[in-house]
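Structure below is structure_37.cif: mmCIF, N, CA and C atoms.
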```
data_input
loop_
_atom_site.group_PDB
_atom_site.id
_atom_site.type_symbol
_atom_site.label_atom_id
_atom_site.label_comp_id
_atom_site.auth_asym_id
_atom_site.auth_seq_id
_atom_site.Cartn_x
_atom_site.Cartn_y
_atom_site.Cartn_z
ATOM 1 N N MET A 81 0.849 -1.188 0.000
ATOM 2 C CA MET A 81 0.000 0.000 0.000
ATOM 3 C C MET A 81 0.885 1.239 0.000
ATOM 4 N N ASN A 82 0.487 2.161 -0.821
ATOM 5 C CA ASN A 82 1.238 3.412 -0.816
ATOM 6 C C ASN A 82 0.483 4.446 0.017
ATOM 7 N N MET A 83 1.044 5.595 0.154
ATOM 8 C CA MET A 83 0.470 6.652 1.007
ATOM 9 C C MET A 83 -0.871 7.160 0.469
ATOM 10 N N GLY A 84 -1.061 7.146 -0.837
ATOM 11 C CA GLY A 84 -2.317 7.598 -1.418
ATOM 12 C C GLY A 84 -3.482 6.691 -1.037
ATOM 13 N N GLU A 85 -3.249 5.384 -1.041
ATOM 14 C CA GLU A 85 -4.302 4.444 -0.654
ATOM 15 C C GLU A 85 -4.635 4.553 0.828
ATOM 16 N N ILE A 86 -3.635 4.711 1.643
ATOM 17 C CA ILE A 86 -3.864 4.849 3.086
ATOM 18 C C ILE A 86 -4.657 6.117 3.376
ATOM 19 N N ALA A 87 -4.307 7.203 2.697
ATOM 20 C CA ALA A 87 -5.034 8.463 2.886
ATOM 21 C C ALA A 87 -6.484 8.322 2.415
ATOM 22 N N ALA A 88 -6.703 7.629 1.314
ATOM 23 C CA ALA A 88 -8.066 7.443 0.801
ATOM 24 C C ALA A 88 -8.905 6.626 1.781
ATOM 25 N N TYR A 89 -8.327 5.562 2.354
ATOM 26 C CA TYR A 89 -9.050 4.771 3.351
ATOM 27 C C TYR A 89 -9.367 5.577 4.602
ATOM 28 N N CYS A 90 -8.432 6.394 5.029
ATOM 29 C CA CYS A 90 -8.667 7.241 6.212
ATOM 30 C C CYS A 90 -9.770 8.260 5.950
ATOM 31 N N ILE A 91 -9.751 8.869 4.790
ATOM 32 C CA ILE A 91 -10.780 9.851 4.442
ATOM 33 C C ILE A 91 -12.143 9.164 4.316
ATOM 34 N N ALA A 92 -12.180 7.981 3.712
ATOM 35 C CA ALA A 92 -13.440 7.245 3.596
ATOM 36 C C ALA A 92 -13.977 6.863 4.971
ATOM 37 N N ALA A 93 -13.109 6.434 5.871
ATOM 38 C CA ALA A 93 -13.539 6.081 7.225
ATOM 39 C C ALA A 93 -14.064 7.306 7.960
ATOM 40 N N LEU A 94 -13.418 8.443 7.809
ATOM 41 C CA LEU A 94 -13.891 9.669 8.457
ATOM 42 C C LEU A 94 -15.228 10.123 7.889
ATOM 43 N N LEU A 95 -15.414 10.010 6.576
ATOM 44 C CA LEU A 95 -16.699 10.361 5.968
ATOM 45 C C LEU A 95 -17.811 9.425 6.434
ATOM 46 N N LEU A 96 -17.484 8.134 6.541
ATOM 47 C CA LEU A 96 -18.468 7.175 7.030
ATOM 48 C C LEU A 96 -18.857 7.482 8.476
ATOM 49 N N LEU A 97 -17.898 7.817 9.301
ATOM 50 C CA LEU A 97 -18.169 8.197 10.688
ATOM 51 C C LEU A 97 -19.003 9.474 10.753
ATOM 52 N N LEU A 98 -18.696 10.437 9.913
ATOM 53 C CA LEU A 98 -19.455 11.687 9.874
ATOM 54 C C LEU A 98 -20.899 11.438 9.452
ATOM 55 N N LEU A 99 -21.119 10.609 8.433
ATOM 56 C CA LEU A 99 -22.477 10.291 8.002
ATOM 57 C C LEU A 99 -23.250 9.550 9.092
ATOM 58 N N PHE A 100 -22.586 8.656 9.799
ATOM 59 C CA PHE A 100 -23.234 7.953 10.899
ATOM 60 C C PHE A 100 -23.652 8.929 11.986
ATOM 61 N N ARG A 101 -22.796 9.879 12.314
ATOM 62 C CA ARG A 101 -23.123 10.862 13.350
ATOM 63 C C ARG A 101 -24.282 11.767 12.931
ATOM 64 N N ILE A 102 -24.351 12.100 11.660
ATOM 65 C CA ILE A 102 -25.411 12.975 11.167
ATOM 66 C C ILE A 102 -26.759 12.271 11.181
ATOM 67 N N PHE A 103 -26.801 11.015 10.736
ATOM 68 C CA PHE A 103 -28.066 10.315 10.559
ATOM 69 C C PHE A 103 -28.451 9.406 11.715
ATOM 70 N N TYR A 104 -27.720 9.422 12.819
ATOM 71 C CA TYR A 104 -28.006 8.524 13.927
ATOM 72 C C TYR A 104 -29.353 8.823 14.579
ATOM 73 N N LYS A 105 -29.595 10.069 14.964
ATOM 74 C CA LYS A 105 -30.838 10.401 15.660
ATOM 75 C C LYS A 105 -32.076 10.232 14.775
ATOM 76 N N PRO A 106 -32.084 10.705 13.532
ATOM 77 C CA PRO A 106 -33.280 10.465 12.710
ATOM 78 C C PRO A 106 -33.555 8.979 12.480
ATOM 79 N N LEU A 107 -32.529 8.186 12.249
ATOM 80 C CA LEU A 107 -32.744 6.758 12.041
ATOM 81 C C LEU A 107 -33.200 6.074 13.317
ATOM 82 N N LYS A 108 -32.715 6.537 14.459
ATOM 83 C CA LYS A 108 -33.158 5.978 15.723
ATOM 84 C C LYS A 108 -34.659 6.221 15.900
ATOM 85 N N GLY A 109 -35.130 7.416 15.551
ATOM 86 C CA GLY A 109 -36.551 7.739 15.635
ATOM 87 C C GLY A 109 -37.382 6.880 14.698
ATOM 88 N N VAL A 110 -36.880 6.617 13.515
ATOM 89 C CA VAL A 110 -37.599 5.783 12.549
ATOM 90 C C VAL A 110 -37.709 4.360 13.074
ATOM 91 N N PHE A 111 -36.625 3.833 13.650
ATOM 92 C CA PHE A 111 -36.669 2.471 14.170
ATOM 93 C C PHE A 111 -37.585 2.350 15.384
ATOM 94 N N VAL A 112 -37.633 3.370 16.230
ATOM 95 C CA VAL A 112 -38.555 3.355 17.375
ATOM 96 C C VAL A 112 -39.994 3.374 16.873
ATOM 97 N N LEU A 113 -40.290 4.215 15.895
ATOM 98 C CA LEU A 113 -41.630 4.275 15.304
ATOM 99 C C LEU A 113 -42.017 2.938 14.689
ATOM 100 N N LEU A 114 -41.097 2.322 13.969
ATOM 101 C CA LEU A 114 -41.366 1.024 13.358
ATOM 102 C C LEU A 114 -41.611 -0.046 14.416
ATOM 103 N N PHE A 115 -40.806 -0.061 15.465
ATOM 104 C CA PHE A 115 -40.961 -1.048 16.528
ATOM 105 C C PHE A 115 -42.305 -0.890 17.238
ATOM 106 N N GLN A 116 -42.678 0.350 17.560
ATOM 107 C CA GLN A 116 -43.954 0.585 18.229
ATOM 108 C C GLN A 116 -45.127 0.208 17.336
ATOM 109 N N SER A 117 -45.012 0.437 16.044
ATOM 110 C CA SER A 117 -46.085 0.058 15.125
ATOM 111 C C SER A 117 -46.235 -1.457 15.051
ATOM 112 N N VAL A 118 -45.133 -2.178 15.076
ATOM 113 C CA VAL A 118 -45.193 -3.640 15.062
ATOM 114 C C VAL A 118 -45.851 -4.149 16.341
ATOM 115 N N ILE A 119 -45.506 -3.554 17.482
ATOM 116 C CA ILE A 119 -46.119 -3.950 18.750
ATOM 117 C C ILE A 119 -47.620 -3.640 18.742
ATOM 118 N N GLY A 120 -48.009 -2.482 18.206
ATOM 119 C CA GLY A 120 -49.421 -2.128 18.108
ATOM 120 C C GLY A 120 -50.179 -3.081 17.195
ATOM 121 N N GLY A 121 -49.571 -3.466 16.068
ATOM 122 C CA GLY A 121 -50.202 -4.431 15.168
ATOM 123 C C GLY A 121 -50.364 -5.796 15.819
ATOM 124 N N ALA A 122 -49.372 -6.202 16.591
ATOM 125 C CA ALA A 122 -49.476 -7.482 17.301
ATOM 126 C C ALA A 122 -50.586 -7.430 18.347
ATOM 127 N N GLY A 123 -50.713 -6.304 19.040
ATOM 128 C CA GLY A 123 -51.790 -6.155 20.019
ATOM 129 C C GLY A 123 -53.160 -6.214 19.365
ATOM 130 N N LEU A 124 -53.305 -5.553 18.226
ATOM 131 C CA LEU A 124 -54.580 -5.607 17.507
ATOM 132 C C LEU A 124 -54.869 -7.024 17.009
ATOM 133 N N TYR A 125 -53.854 -7.717 16.556
ATOM 134 C CA TYR A 125 -54.040 -9.085 16.079
ATOM 135 C C TYR A 125 -54.503 -9.999 17.214
ATOM 136 N N ILE A 126 -53.889 -9.855 18.375
ATOM 137 C CA ILE A 126 -54.288 -10.659 19.529
ATOM 138 C C ILE A 126 -55.708 -10.310 19.960
ATOM 139 N N PHE A 127 -56.052 -9.023 19.950
ATOM 140 C CA PHE A 127 -57.417 -8.606 20.267
ATOM 141 C C PHE A 127 -58.407 -9.231 19.296
ATOM 142 N N ASN A 128 -58.076 -9.232 18.011
ATOM 143 C CA ASN A 128 -58.963 -9.813 17.010
ATOM 144 C C ASN A 128 -59.115 -11.320 17.193
ATOM 145 N N LEU A 129 -58.052 -11.999 17.616
ATOM 146 C CA LEU A 129 -58.160 -13.437 17.868
ATOM 147 C C LEU A 129 -59.103 -13.726 19.030
ATOM 148 N N ILE A 130 -59.055 -12.897 20.057
ATOM 149 C CA ILE A 130 -59.881 -13.125 21.239
ATOM 150 C C ILE A 130 -61.342 -12.773 20.971
ATOM 151 N N ILE A 131 -61.585 -11.663 20.274
ATOM 152 C CA ILE A 131 -62.937 -11.137 20.102
ATOM 153 C C ILE A 131 -63.565 -11.560 18.764
ATOM 154 N N ALA A 132 -62.893 -12.323 17.944
ATOM 155 C CA ALA A 132 -63.393 -12.660 16.602
ATOM 156 C C ALA A 132 -64.707 -13.421 16.628
ATOM 157 N N GLN A 133 -64.994 -14.145 17.686
ATOM 158 C CA GLN A 133 -66.225 -14.924 17.747
ATOM 159 C C GLN A 133 -67.461 -14.032 17.806
ATOM 160 N N THR A 134 -67.319 -12.811 18.281
ATOM 161 C CA THR A 134 -68.451 -11.897 18.365
ATOM 162 C C THR A 134 -68.733 -11.209 17.035
ATOM 163 N N GLY A 135 -67.781 -11.260 16.102
ATOM 164 C CA GLY A 135 -67.961 -10.583 14.826
ATOM 165 C C GLY A 135 -67.447 -9.160 14.838
ATOM 166 N N PHE A 136 -66.951 -8.682 15.963
ATOM 167 C CA PHE A 136 -66.409 -7.330 16.078
ATOM 168 C C PHE A 136 -64.906 -7.410 15.870
ATOM 169 N N VAL A 137 -64.426 -6.937 14.722
ATOM 170 C CA VAL A 137 -63.015 -7.037 14.380
ATOM 171 C C VAL A 137 -62.517 -5.674 13.932
ATOM 172 N N ILE A 138 -61.381 -5.265 14.467
ATOM 173 C CA ILE A 138 -60.723 -4.041 14.023
ATOM 174 C C ILE A 138 -59.661 -4.453 13.015
ATOM 175 N N GLY A 139 -59.682 -3.872 11.843
ATOM 176 C CA GLY A 139 -58.728 -4.235 10.804
ATOM 177 C C GLY A 139 -57.294 -3.922 11.205
ATOM 178 N N VAL A 140 -56.410 -4.815 10.869
ATOM 179 C CA VAL A 140 -54.990 -4.622 11.160
ATOM 180 C C VAL A 140 -54.312 -4.196 9.867
ATOM 181 N N ASN A 141 -53.926 -2.927 9.798
ATOM 182 C CA ASN A 141 -53.180 -2.409 8.665
ATOM 183 C C ASN A 141 -52.150 -1.405 9.181
ATOM 184 N N ILE A 142 -51.454 -0.752 8.307
ATOM 185 C CA ILE A 142 -50.376 0.152 8.722
ATOM 186 C C ILE A 142 -50.917 1.301 9.560
ATOM 187 N N VAL A 143 -52.039 1.855 9.179
ATOM 188 C CA VAL A 143 -52.586 3.016 9.891
ATOM 189 C C VAL A 143 -53.064 2.628 11.287
ATOM 190 N N THR A 144 -53.843 1.563 11.393
ATOM 191 C CA THR A 144 -54.353 1.179 12.713
ATOM 192 C C THR A 144 -53.236 0.691 13.622
ATOM 193 N N ALA A 145 -52.258 -0.020 13.074
ATOM 194 C CA ALA A 145 -51.129 -0.474 13.884
ATOM 195 C C ALA A 145 -50.309 0.706 14.373
ATOM 196 N N SER A 146 -50.123 1.717 13.525
ATOM 197 C CA SER A 146 -49.370 2.904 13.940
ATOM 198 C C SER A 146 -50.115 3.689 15.008
ATOM 199 N N ILE A 147 -51.423 3.837 14.847
ATOM 200 C CA ILE A 147 -52.214 4.550 15.853
ATOM 201 C C ILE A 147 -52.145 3.828 17.193
ATOM 202 N N CYS A 148 -52.343 2.526 17.155
ATOM 203 C CA CYS A 148 -52.313 1.747 18.385
ATOM 204 C C CYS A 148 -50.906 1.711 18.992
ATOM 205 N N GLY A 149 -49.887 1.638 18.161
ATOM 206 C CA GLY A 149 -48.521 1.592 18.656
ATOM 207 C C GLY A 149 -48.044 2.913 19.212
ATOM 208 N N LEU A 150 -48.379 4.009 18.556
ATOM 209 C CA LEU A 150 -47.900 5.319 19.000
ATOM 210 C C LEU A 150 -48.678 5.852 20.196
ATOM 211 N N LEU A 151 -49.982 5.660 20.181
ATOM 212 C CA LEU A 151 -50.798 6.222 21.251
ATOM 213 C C LEU A 151 -51.041 5.243 22.394
ATOM 214 N N GLY A 152 -50.758 3.973 22.169
ATOM 215 C CA GLY A 152 -50.930 2.981 23.226
ATOM 216 C C GLY A 152 -52.387 2.673 23.497
ATOM 217 N N LEU A 153 -52.737 2.554 24.775
ATOM 218 C CA LEU A 153 -54.110 2.219 25.161
ATOM 219 C C LEU A 153 -55.111 3.287 24.717
ATOM 220 N N PRO A 154 -54.812 4.600 24.835
ATOM 221 C CA PRO A 154 -55.767 5.582 24.299
ATOM 222 C C PRO A 154 -55.993 5.436 22.792
ATOM 223 N N GLY A 155 -54.963 5.063 22.051
ATOM 224 C CA GLY A 155 -55.131 4.823 20.615
ATOM 225 C C GLY A 155 -56.020 3.633 20.337
ATOM 226 N N PHE A 156 -55.858 2.583 21.144
ATOM 227 C CA PHE A 156 -56.714 1.411 20.988
ATOM 228 C C PHE A 156 -58.162 1.761 21.302
ATOM 229 N N ILE A 157 -58.381 2.521 22.375
ATOM 230 C CA ILE A 157 -59.747 2.940 22.729
ATOM 231 C C ILE A 157 -60.329 3.810 21.620
ATOM 232 N N LEU A 158 -59.514 4.669 21.043
ATOM 233 C CA LEU A 158 -59.959 5.505 19.927
ATOM 234 C C LEU A 158 -60.400 4.639 18.741
ATOM 235 N N LEU A 159 -59.626 3.632 18.402
ATOM 236 C CA LEU A 159 -60.002 2.733 17.310
ATOM 237 C C LEU A 159 -61.264 1.948 17.647
ATOM 238 N N PHE A 160 -61.355 1.492 18.885
ATOM 239 C CA PHE A 160 -62.515 0.728 19.334
ATOM 240 C C PHE A 160 -63.782 1.571 19.256
ATOM 241 N N LEU A 161 -63.726 2.802 19.780
ATOM 242 C CA LEU A 161 -64.897 3.683 19.745
ATOM 243 C C LEU A 161 -65.240 4.108 18.322
ATOM 244 N N GLY A 162 -64.228 4.333 17.492
ATOM 245 C CA GLY A 162 -64.479 4.655 16.094
ATOM 246 C C GLY A 162 -65.166 3.527 15.358
ATOM 247 N N LYS A 163 -64.735 2.307 15.633
ATOM 248 C CA LYS A 163 -65.385 1.143 15.016
ATOM 249 C C LYS A 163 -66.832 1.010 15.498
ATOM 250 N N LEU A 164 -67.053 1.211 16.799
ATOM 251 C CA LEU A 164 -68.429 1.147 17.326
ATOM 252 C C LEU A 164 -69.306 2.227 16.720
ATOM 253 N N LEU A 165 -68.765 3.436 16.625
ATOM 254 C CA LEU A 165 -69.547 4.553 16.131
ATOM 255 C C LEU A 165 -69.917 4.360 14.661
ATOM 256 N N PHE A 166 -68.979 3.959 13.837
ATOM 257 C CA PHE A 166 -69.246 3.867 12.420
ATOM 258 C C PHE A 166 -69.848 2.531 11.992
ATOM 259 N N THR A 167 -69.874 1.555 12.889
ATOM 260 C CA THR A 167 -70.500 0.270 12.559
ATOM 261 C C THR A 167 -72.003 0.313 12.828
ATOM 262 N N TYR A 168 -72.394 0.923 13.929
ATOM 263 C CA TYR A 168 -73.790 0.861 14.351
ATOM 264 C C TYR A 168 -74.558 2.155 14.124
ATOM 265 N N VAL A 169 -74.068 3.037 13.283
ATOM 266 C CA VAL A 169 -74.787 4.282 12.986
ATOM 267 C C VAL A 169 -75.689 4.084 11.810
#
```

Take the structure in the file and write it out as structure tokens.
Amino acid sequence: MNMGEIAAYCIAALLLLLLFRIFYKPLKGVFVLLFQSVIGGAGLYIFNLIIAQTGFVIGVNIVTASICGLLGLPGFILLFLGKLLFTYV
């Protein structure tokens, strides 16, 4: 290896470190949002398995999973009341 290659590797490593430092917090937020949405979707799926015999089912999709995951129990109650309101009106 000559000095030019060593310098290029050092500069590439520094640029990679700089990009990691810049995008760390936004990517962390995206992964937290994704994780909470998956947990919310799993909760809705389990709810649907338990309550499916009554015929009352809340659809599991990206929007409902995100609402339930981000807002937690209040989000689930919001979905539940919305389903009741728009089903029996």

Env of Leu113 in chain A: 8 Å cut, atoms = all atoms listed in the file, seq-sep filter 4 positions within chain, self excluded. Answer as an NGL selection string.
:A and (107-109 or 117-119 or 146 or 149-150)

Using the chain letters and numbering of this document, enumerate as a PDB file with N, CA and C atoms, keeping the file's coordinate frame the residues selected by the PyMOL selection byres ((chain A and resi 140) around 8).
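Saved as part10.pdb:
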```
ATOM      1  N   GLY A 120     -48.009  -2.482  18.206  1.00  0.00           N
ATOM      2  CA  GLY A 120     -49.421  -2.128  18.108  1.00  0.00           C
ATOM      3  C   GLY A 120     -50.179  -3.081  17.195  1.00  0.00           C
ATOM      4  N   GLY A 121     -49.571  -3.466  16.068  1.00  0.00           N
ATOM      5  CA  GLY A 121     -50.202  -4.431  15.168  1.00  0.00           C
ATOM      6  C   GLY A 121     -50.364  -5.796  15.819  1.00  0.00           C
ATOM      7  N   ALA A 122     -49.372  -6.202  16.591  1.00  0.00           N
ATOM      8  CA  ALA A 122     -49.476  -7.482  17.301  1.00  0.00           C
ATOM      9  C   ALA A 122     -50.586  -7.430  18.347  1.00  0.00           C
ATOM     10  N   LEU A 124     -53.305  -5.553  18.226  1.00  0.00           N
ATOM     11  CA  LEU A 124     -54.580  -5.607  17.507  1.00  0.00           C
ATOM     12  C   LEU A 124     -54.869  -7.024  17.009  1.00  0.00           C
ATOM     13  N   TYR A 125     -53.854  -7.717  16.556  1.00  0.00           N
ATOM     14  CA  TYR A 125     -54.040  -9.085  16.079  1.00  0.00           C
ATOM     15  C   TYR A 125     -54.503  -9.999  17.214  1.00  0.00           C
ATOM     16  N   VAL A 137     -64.426  -6.937  14.722  1.00  0.00           N
ATOM     17  CA  VAL A 137     -63.015  -7.037  14.380  1.00  0.00           C
ATOM     18  C   VAL A 137     -62.517  -5.674  13.932  1.00  0.00           C
ATOM     19  N   ILE A 138     -61.381  -5.265  14.467  1.00  0.00           N
ATOM     20  CA  ILE A 138     -60.723  -4.041  14.023  1.00  0.00           C
ATOM     21  C   ILE A 138     -59.661  -4.453  13.015  1.00  0.00           C
ATOM     22  N   GLY A 139     -59.682  -3.872  11.843  1.00  0.00           N
ATOM     23  CA  GLY A 139     -58.728  -4.235  10.804  1.00  0.00           C
ATOM     24  C   GLY A 139     -57.294  -3.922  11.205  1.00  0.00           C
ATOM     25  N   ASN A 141     -53.926  -2.927   9.798  1.00  0.00           N
ATOM     26  CA  ASN A 141     -53.180  -2.409   8.665  1.00  0.00           C
ATOM     27  C   ASN A 141     -52.150  -1.405   9.181  1.00  0.00           C
ATOM     28  N   ILE A 142     -51.454  -0.752   8.307  1.00  0.00           N
ATOM     29  CA  ILE A 142     -50.376   0.152   8.722  1.00  0.00           C
ATOM     30  C   ILE A 142     -50.917   1.301   9.560  1.00  0.00           C
ATOM     31  N   VAL A 143     -52.039   1.855   9.179  1.00  0.00           N
ATOM     32  CA  VAL A 143     -52.586   3.016   9.891  1.00  0.00           C
ATOM     33  C   VAL A 143     -53.064   2.628  11.287  1.00  0.00           C
ATOM     34  N   THR A 144     -53.843   1.563  11.393  1.00  0.00           N
ATOM     35  CA  THR A 144     -54.353   1.179  12.713  1.00  0.00           C
ATOM     36  C   THR A 144     -53.236   0.691  13.622  1.00  0.00           C
ATOM     37  N   ALA A 145     -52.258  -0.020  13.074  1.00  0.00           N
ATOM     38  CA  ALA A 145     -51.129  -0.474  13.884  1.00  0.00           C
ATOM     39  C   ALA A 145     -50.309   0.706  14.373  1.00  0.00           C
TER      40      ALA A 145
END
```

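Taking CA of Val112 in chain A and CA of Pro154 in chain A as the two end points, the separation is 18.7 Å.
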
Residue list (alpha helix (DSSP H), DSSP) for chain A, as a PyMOL selection string
chain A and resi 83-131+142-151+153-167

So that all listed atoms of range 117-123 of chain A fit with 8 Å spare on each side, what axis-aligned box centre and edge lengths in Å, to one decimal, would you give as AutoDock Vina command-line options?
```
--center_x -49.1 --center_y -3.5 --center_z 17.5 --size_x 24.1 --size_y 23.9 --size_z 21.0
```

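You will find CA of Ile147 in chain A at 15.8 Å from CA of Ile126 in chain A.
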
Point-to-point distance in Å for atom N of Leu96 in chain A and atom N of Asn82 in chain A:
20.3 Å
